[in-house]
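Read the structure below first, then the notes.
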There are 2 protein chains.
Amino acid sequence: MKITIAQLNPIIGDLANNAQQILAAAHQAADQGVRLVLTPELSLCGYPPRDLLLRPGFIDAMGSTLTDLAQQLPEHVAVLVGFAERNPTAGDRGGKPLFNSMALLDGGKVQRIFHKQLLPTYDVFDEDRYFEPGDQVNHFELAMGDGTSLHLGVTICEDLWNDEAFWGQRRYPSNPIASLKAAGADLIVNLSASPYSLNKQRTREAMLSHSAARFDVPILYANQIGANDDLIFDGGSLAFDRSGNLVGRAQSFQPDTLCLTYDPAAKDLQAGDLVPAITDTNGEIWSALVLGVQDYARKCGFKKAVIGLSGGIDSALVAAIAAAALGPEQVLGVLMPSPYSSDHSVGDAKALAENLGIHQTTLAIGELMAGYDHTLENLFADTDFGVAEENIQSRIRGNLLMAIANKFGHLLLSTGNKSEMAVGYCTLYGDMNGGLAVIADVPKTRVYKLCNWLNEQLVQQHNQSTTPSPQLPIPPTHPAATEIIPSHILTKPPSAELKPGQVDQDSLPSYDILDDILERLVQHQESVADMLAAGHDFQVVERVIRLVSRAEFKRRQAPPVLKVTDRAFGTGWRMPIASRW
Amino acid sequence: MKITIAQLNPIIGDLANNAQQILAAAHQAADQGVRLVLTPELSLCGYPPRDLLLRPGFIDAMGSTLTDLAQQLPEHVAVLVGFAERNPTAGDRGGKPLFNSMALLDGGKVQRIFHKQLLPTYDVFDEDRYFEPGDQVNHFELAMGDGTSLHLGVTICEDLWNDEAFWGQRRYPSNPIASLKAAGADLIVNLSASPYSLNKQRTREAMLSHSAARFDVPILYANQIGANDDLIFDGGSLAFDRSGNLVGRAQSFQPDTLCLTYDPAAKDLQAGDLVPAITDTNGEIWSALVLGVQDYARKCGFKKAVIGLSGGIDSALVAAIAAAALGPEQVLGVLMPSPYSSDHSVGDAKALAENLGIHQTTLAIGELMAGYDHTLENLFADTDFGVAEENIQSRIRGNLLMAIANKFGHLLLSTGNKSEMAVGYCTLYGDMNGGLAVIADVPKTRVYKLCNWLNEQLVQQHNQSTTPSPQLPIPPTHPAATEIIPSHILTKPPSAELKPGQVDQDSLPSYDILDDILERLVQHQESVADMLAAGHDFQVVERVIRLVSRAEFKRRQAPPVLKVTDRAFGTGWRMPIASRW
């Protein structure tokens, strides 16, 4: 019996388009003699639909789209489709208004409906806001057509993330896989929308392998692919046999299908296709960011992007990502030198644009700086040059970039990194401007690593010693280019160049130290005592904590931040502003 | 036996200061022979603490502050204090890491701890993100010292918001008040942090009266007061006797204490002080907004505010609110006329500033507009004047305002109303700039009503026919002023004045129609069919829905919006951006 995982990229709320994707996967499956197609969690509406779920009309439309889809499916192909439906007893008995459900479509009808049992409500997840947990063991017999049948256990994403023997603790009281095994399931399917973060695929593989072996049951894991606002879903769907061996892996960061065969005699999955895993941390983050930009642009209807090129490393990385995501001819880099800009900042930015083959234009801001000085001269008389004047420069640039974005319909990409966003070393309404904050979950030290990695990829390409993995979307470069990120950008001291001679380390600890403190604070919730025990200086730690706290008002107004760590600023970071701790 | 409700205004996370407030209330109570002091939900850390709750060090500090507070309390005064504590069995049995708890402090110790049972996770509330629901009936006997005791039932906020007989449906399976009555409670206390929205106090009074009468038990409701970011807590603590009669009401929108006497013979509360309710809708919203600005400024450390004065009604209202909240001498109005500004816009803005007695300065933006035109002339050659050029003007103003805010440490208040924010009739990084969006939950039609109401208050003050209620913080005005908002601002057609002859109604339906559609869409989740049935035009409805959906990216980057309706843009509105529905 053949089962296909359809690793789809839905558009949030676009029911008709998403249904078409499912239908196309079902037709392909029919051609291959597949009996069952698995689709990701909430595949009909895309994950996460957020407050669209509060619209009764949206829930109604999802129900009718599901019924229509059931009627359109090819014969003998069953499909598990994710959708949201009403909890009919919510008003009478209490409970949330909806279920996060999977429908078994077969024979032209909705045959069965299963409810997600474990609802994540932490980090970026808000499922308790909408959904009532299911309380039924979700399993069914799927008739093969030859008189035999397969006993399938159905789990939805988080349902498989509570194996206390793997984690060493429980997050929820129950473990659905244990109940399914006890109910006699031959095979467990897991329909997921599991967002990417660094090393998460490794964790998934270890966890699912553990659970398959522990419960002696094969597991199929179908993940969503595609980016939706801040969240990047990496796909990488998986299959494990009952011994916990990996027997199938789909592509990461792109749509794919993965077909597996279940052997009823062995009561196990047979070995199938294994796409190689991305083993390189930089390659993994790079691929995630490229997908994040690509899908945000596509799903919002943008073809072109504009980026302010400072000659620094952050905008260089974002430009390279945009070139890879949208094509270099769709990217415009804008150089906006001021009287404080160094010669090399212009030269480096131009060299970058040439390497990438993106469009570039130069708009000097000195005249506008003088205009603001003149406009404010009475009001600011007898005050010293300071943060106000530095920010004006950044905001002139932000205004010019938005003017271009508005005039030509470009998506403005902001270029701030996570270290800056954390400590507020960025200008609200200035360099923070943009529709998407591409690298605002990438610490500065990682920005350097990514740029160096990118240059190595080009060298490898040139040497043809190793062909870069086709999974890694390296931007096309000028044929004469020997590097993508000009090496001077990688070696000069980072500077905002908002006053003469300024470098970042005038105001901040070295990025090695800063990033380590930030990771402890933001991702691991460490206390000051923990950080001192790790060898950090008390005054530096105190200062960083204070800076992070005081920058909350800036982060609140940031664009969506592509999430690549296990804690990003954005929907998973909900801090009060007017507070003292 | 006397019980006092301490209606406190905590600062989020400021444990020492909040504990001091509780201690001061306990000392005052001791002087008055009070046996029990009630404080609001999470009174030790303030509500909502949000992701501060994820910091282990914060939870530890709360525990030790609580123990210290217990030791410092005056003798014979028991206090119920709200705090967050660990769920010790979370890892072993599953469940959320914390409880939302109330501690009974008495005799120098923490005597009892009660857990909130019903955890709101909808709109602005995220309690399932942090808290495990309590499963115990929360009641205790409080010894009077004379050998008698009072049997008290303890509920925390939402615990009392599930009376199915009042609402006609349940949100949660259980109703704690029914369990408490069955357990023999003589008196039910409800420790709340219930945020303000229009008419909510009326709902609270009706609901609590209903529950008291239905269960034949007196109820004391202690609410938090004070604004925390977007949420305004209005106080207005209440007491109901067992027949459901209102026997006590504290001030709305200011700290207060309310002392009630329980009569053991009658098993009921005696009649106490009844502060008059605010019955005027405009007065209620006005008071909320003034408190919102006052507390945001105070709790963030600002004394002064800056506002762009366009001569239009929105900035006029915000200036009046700021003058009332911070004092006119702490407010700076900035006029930034362009060549497209009408003469009356300057005159009206100046008249407003004079009426309010706020500071004003004028910065013409024509030179900077020319500077941007010049800087962009090659790039924009052969394009027509359009949205890009309109936005440049708004962003010049936004930049000037932020320069002033940065230079002098002022809080910039943004002036956009809810109608504009809904349809995106506002400029991101322009007029949307600010630390707080003061009226972004006030529809344009309500902006007019508030301004007219404000002028009426002044007339009443002058006539001395009726003294305005001392609860309503009307701004001081120039002695010669006969109006606060110049009448021309109230009568001229609204215009952004970003191109010659422009008025809002060139681009938008009339505000009466727009605001009705928006209320149906945003607050009531009505479908298109519902709106057509209400008499709206299909094309207008479709257009408004499209505009609202397309403006999501702007709202995502807006400052915190003071919430005054039952659905505000901000923490209670979580919409995807890259979506199609």
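Within each chain, counting starts at residue 1; across the structure tokens, chains are named A, B, ... in the order shown, with ligands numbered 1 upward in that order.
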Discussion item. Among stretch 110-299 of chain A, which ones does DSSP assign to strand (DSSP E or B) (computed from the backbone)? Answer as an MDAnalysis selection string.
Written reply: chainID A and resid 110:115 131 139:143 149:156 187:192 195 219:223 225:228 231:235 238:240 246:249 252 256:263 268:269 274
Restrict the selected residues to C-alpha atoms and save them as a PDB file, in the first residue's frame.
ATOM      1  CA  VAL A 110     -15.915  13.503   4.373  1.00  0.00           C
ATOM      2  CA  GLN A 111     -15.688  10.103   6.043  1.00  0.00           C
ATOM      3  CA  ARG A 112     -14.153  10.897   9.396  1.00  0.00           C
ATOM      4  CA  ILE A 113     -12.989  13.913  11.383  1.00  0.00           C
ATOM      5  CA  PHE A 114     -10.218  13.917  13.970  1.00  0.00           C
ATOM      6  CA  HIS A 115      -9.419  16.639  16.506  1.00  0.00           C
ATOM      7  CA  PHE A 131      -9.289  25.621  19.719  1.00  0.00           C
ATOM      8  CA  HIS A 139      -7.665   6.135  14.547  1.00  0.00           C
ATOM      9  CA  PHE A 140      -9.444   4.410  11.683  1.00  0.00           C
ATOM     10  CA  GLU A 141      -9.329   1.436   9.359  1.00  0.00           C
ATOM     11  CA  LEU A 142      -8.540   2.338   5.778  1.00  0.00           C
ATOM     12  CA  ALA A 143      -9.856  -0.280   3.345  1.00  0.00           C
ATOM     13  CA  SER A 149      -7.338  -2.766   5.604  1.00  0.00           C
ATOM     14  CA  LEU A 150      -4.749  -0.698   7.415  1.00  0.00           C
ATOM     15  CA  HIS A 151      -5.254   0.551  10.958  1.00  0.00           C
ATOM     16  CA  LEU A 152      -4.035   4.155  11.046  1.00  0.00           C
ATOM     17  CA  GLY A 153      -3.442   6.410  14.005  1.00  0.00           C
ATOM     18  CA  VAL A 154      -3.845  10.134  13.319  1.00  0.00           C
ATOM     19  CA  THR A 155      -1.900  12.805  15.166  1.00  0.00           C
ATOM     20  CA  ILE A 156      -1.738  16.514  14.448  1.00  0.00           C
ATOM     21  CA  LEU A 187       0.988   3.097  11.409  1.00  0.00           C
ATOM     22  CA  ILE A 188       0.934   6.579  12.880  1.00  0.00           C
ATOM     23  CA  VAL A 189       0.664   9.636  10.691  1.00  0.00           C
ATOM     24  CA  ASN A 190       1.532  13.089  11.955  1.00  0.00           C
ATOM     25  CA  LEU A 191       0.149  16.067  10.038  1.00  0.00           C
ATOM     26  CA  SER A 192       2.215  19.090  10.994  1.00  0.00           C
ATOM     27  CA  PRO A 195       8.048  26.108  11.974  1.00  0.00           C
ATOM     28  CA  ILE A 219       5.580   7.000  11.778  1.00  0.00           C
ATOM     29  CA  LEU A 220       4.964   9.297   8.826  1.00  0.00           C
ATOM     30  CA  TYR A 221       5.500  12.996   9.465  1.00  0.00           C
ATOM     31  CA  ALA A 222       4.082  15.448   6.895  1.00  0.00           C
ATOM     32  CA  ASN A 223       5.206  19.048   7.377  1.00  0.00           C
ATOM     33  CA  ILE A 225       6.589  24.167   3.702  1.00  0.00           C
ATOM     34  CA  GLY A 226       6.676  27.881   2.974  1.00  0.00           C
ATOM     35  CA  ALA A 227       6.956  31.104   4.920  1.00  0.00           C
ATOM     36  CA  ASN A 228       3.967  32.938   6.387  1.00  0.00           C
ATOM     37  CA  LEU A 231       7.298  31.928  10.434  1.00  0.00           C
ATOM     38  CA  ILE A 232       9.267  29.772   8.017  1.00  0.00           C
ATOM     39  CA  PHE A 233       8.018  26.205   7.619  1.00  0.00           C
ATOM     40  CA  ASP A 234      10.862  24.059   6.384  1.00  0.00           C
ATOM     41  CA  GLY A 235       9.152  20.936   5.149  1.00  0.00           C
ATOM     42  CA  LEU A 238       9.986  12.203   7.305  1.00  0.00           C
ATOM     43  CA  ALA A 239       9.267   8.491   7.519  1.00  0.00           C
ATOM     44  CA  PHE A 240      10.469   6.091  10.221  1.00  0.00           C
ATOM     45  CA  LEU A 246      14.750   6.790   8.975  1.00  0.00           C
ATOM     46  CA  VAL A 247      13.275   5.425   5.732  1.00  0.00           C
ATOM     47  CA  GLY A 248      12.182   8.610   3.984  1.00  0.00           C
ATOM     48  CA  ARG A 249      13.022  12.299   3.914  1.00  0.00           C
ATOM     49  CA  SER A 252      13.742  21.024   3.113  1.00  0.00           C
ATOM     50  CA  ASP A 256       7.954  18.115  -2.398  1.00  0.00           C
ATOM     51  CA  THR A 257       6.149  14.809  -2.321  1.00  0.00           C
ATOM     52  CA  LEU A 258       7.415  11.736  -0.539  1.00  0.00           C
ATOM     53  CA  CYS A 259       5.928   8.360  -1.417  1.00  0.00           C
ATOM     54  CA  LEU A 260       6.274   5.432   0.974  1.00  0.00           C
ATOM     55  CA  THR A 261       5.111   1.827   0.769  1.00  0.00           C
ATOM     56  CA  TYR A 262       3.601   0.050   3.729  1.00  0.00           C
ATOM     57  CA  ASP A 263       4.191  -3.693   3.812  1.00  0.00           C
ATOM     58  CA  ASP A 268       6.219  -1.768   8.537  1.00  0.00           C
ATOM     59  CA  LEU A 269       7.204   0.930   6.077  1.00  0.00           C
ATOM     60  CA  LEU A 274      16.011   9.880   1.399  1.00  0.00           C
TER      61      LEU A 274
END
Discussion item. Need to verify the contact set: B:Gly424, 7 Å, only C-alpha atoms, exclusion of same-chain residues closer than 6 positions in sequence. Can you return it as an NGL selection string?
Written reply: :B and (547-548 or 551 or 554)
Worksheet entry | Spatial neighbours of stretch 405-409 of chain B, max dist 9 Å, only C-alpha atoms, sep filter under 6 positions, as a list of chain:residue names | A:Phe380, A:Thr383, A:Gly386, A:Val387, A:Ala388, A:Glu389, A:Asn391, B:Phe302, B:Lys303, B:Lys304, B:Ala305, B:Val306
Those selected residues, please, written with C-alpha atoms and delivered as a CSV table (one decimal), in the first residue's frame.
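Once written, result_10.csv looks like this:
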chain,number,residue,atom,x,y,z
A,380,PHE,CA,17.8,73.2,18.5
A,383,THR,CA,22.1,72.1,21.9
A,386,GLY,CA,23.6,63.9,19.6
A,387,VAL,CA,21.2,61.0,19.1
A,388,ALA,CA,18.6,63.3,17.6
A,389,GLU,CA,20.9,64.3,14.8
A,391,ASN,CA,18.6,59.5,14.0
B,302,PHE,CA,8.3,60.9,30.4
B,303,LYS,CA,7.1,64.2,31.8
B,304,LYS,CA,6.6,66.0,28.5
B,305,ALA,CA,4.8,65.2,25.3
B,306,VAL,CA,5.1,66.5,21.7
Practice prompt. For A:Ala30, list every protein, DNA or RNA residue within 8 Å, evaluated using only C-alpha atoms, and leave out those in the same chain fewer than 2 positions away; present the list as an MDAnalysis selection string.
Written response: chainID A and resid 26:28 32:35 74:77
Once you have the residues from the selection above, write them out as a tab-separated table (two decimals), in the first residue's frame, restricted to C-alpha atoms.
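The result, stored in result.tsv:
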chain	number	residue	atom	x	y	z
A	26	ALA	CA	-4.29	13.73	-5.19
A	27	HIS	CA	-4.31	13.42	-8.98
A	28	GLN	CA	-0.59	12.85	-9.04
A	32	GLN	CA	1.05	6.49	-9.06
A	33	GLY	CA	-1.42	4.06	-7.54
A	34	VAL	CA	-1.29	5.70	-4.15
A	35	ARG	CA	-4.14	4.94	-1.74
A	74	PRO	CA	-10.01	11.00	-7.93
A	75	GLU	CA	-11.47	7.57	-7.13
A	76	HIS	CA	-9.64	5.29	-4.74
A	77	VAL	CA	-7.50	8.09	-3.36
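Look at B:Pro120: the protein and nucleic acid residues within 10 Å of it, using only C-alpha atoms and passing over chain neighbours fewer than 5 places away, are A:Asp128, A:Arg129, B:Phe125, B:Asp126, B:Glu127, B:Asp128, B:Cys157, B:Glu158, B:Asp159, B:Trp161, B:Arg171, B:Tyr172.
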Discussion item. Excluding stretch 480-491 of chain B and its own-chain neighbours fewer than 2 positions away, which residues fall within 10 Å of it when counting only C-alpha atoms? Please give them as a ChimeraX atom specification.
Written reply: /B:311-314,316-317,319-320,344-345,347-357,447-449,451-459,462,474-478,493-494
With C-alpha atoms retained, could you export that selection as a PDB file, in the first residue's frame?
ATOM      1  CA  GLY B 311      -5.288  72.008  12.451  1.00  0.00           C
ATOM      2  CA  GLY B 312      -7.493  68.940  12.147  1.00  0.00           C
ATOM      3  CA  ILE B 313      -9.744  67.354  14.685  1.00  0.00           C
ATOM      4  CA  ASP B 314      -7.667  64.288  15.545  1.00  0.00           C
ATOM      5  CA  ALA B 316      -6.811  68.666  18.446  1.00  0.00           C
ATOM      6  CA  LEU B 317      -8.363  65.913  20.534  1.00  0.00           C
ATOM      7  CA  ALA B 319      -3.568  67.675  22.361  1.00  0.00           C
ATOM      8  CA  ALA B 320      -6.503  68.232  24.713  1.00  0.00           C
ATOM      9  CA  HIS B 344      -7.171  77.872   8.344  1.00  0.00           C
ATOM     10  CA  SER B 345      -5.131  74.783   9.283  1.00  0.00           C
ATOM     11  CA  GLY B 347      -4.940  79.385  12.315  1.00  0.00           C
ATOM     12  CA  ASP B 348      -7.016  76.600  13.797  1.00  0.00           C
ATOM     13  CA  ALA B 349      -3.986  74.852  15.251  1.00  0.00           C
ATOM     14  CA  LYS B 350      -2.747  78.074  16.822  1.00  0.00           C
ATOM     15  CA  ALA B 351      -6.166  78.824  18.276  1.00  0.00           C
ATOM     16  CA  LEU B 352      -6.292  75.322  19.755  1.00  0.00           C
ATOM     17  CA  ALA B 353      -2.848  75.682  21.329  1.00  0.00           C
ATOM     18  CA  GLU B 354      -3.859  79.016  22.806  1.00  0.00           C
ATOM     19  CA  ASN B 355      -7.115  77.637  24.170  1.00  0.00           C
ATOM     20  CA  LEU B 356      -5.268  74.784  25.825  1.00  0.00           C
ATOM     21  CA  GLY B 357      -2.332  76.881  26.954  1.00  0.00           C
ATOM     22  CA  VAL B 447     -13.687  61.836  17.730  1.00  0.00           C
ATOM     23  CA  TYR B 448     -16.264  64.468  16.716  1.00  0.00           C
ATOM     24  CA  LYS B 449     -18.549  63.553  19.611  1.00  0.00           C
ATOM     25  CA  CYS B 451     -14.631  67.190  20.875  1.00  0.00           C
ATOM     26  CA  ASN B 452     -18.162  68.542  20.993  1.00  0.00           C
ATOM     27  CA  TRP B 453     -18.619  67.072  24.446  1.00  0.00           C
ATOM     28  CA  LEU B 454     -15.389  68.690  25.596  1.00  0.00           C
ATOM     29  CA  ASN B 455     -16.580  72.075  24.434  1.00  0.00           C
ATOM     30  CA  GLU B 456     -19.876  71.535  26.231  1.00  0.00           C
ATOM     31  CA  GLN B 457     -17.990  70.813  29.437  1.00  0.00           C
ATOM     32  CA  LEU B 458     -16.321  74.211  29.197  1.00  0.00           C
ATOM     33  CA  VAL B 459     -19.618  75.932  28.579  1.00  0.00           C
ATOM     34  CA  HIS B 462     -18.486  78.887  32.556  1.00  0.00           C
ATOM     35  CA  ILE B 474     -11.040  68.480  31.754  1.00  0.00           C
ATOM     36  CA  PRO B 475      -7.891  70.349  30.710  1.00  0.00           C
ATOM     37  CA  PRO B 476      -7.392  73.824  32.144  1.00  0.00           C
ATOM     38  CA  THR B 477      -8.038  76.396  29.462  1.00  0.00           C
ATOM     39  CA  HIS B 478      -7.047  79.956  28.794  1.00  0.00           C
ATOM     40  CA  PRO B 493     -14.403  68.902   6.027  1.00  0.00           C
ATOM     41  CA  PRO B 494     -11.617  66.607   7.234  1.00  0.00           C
TER      42      PRO B 494
END
Worksheet item: Residues at most 9 Å from A:Ser414, counting only C-alpha atoms, excluding those fewer than 6 positions away in the same chain, as a count of residues only?
Response: 15
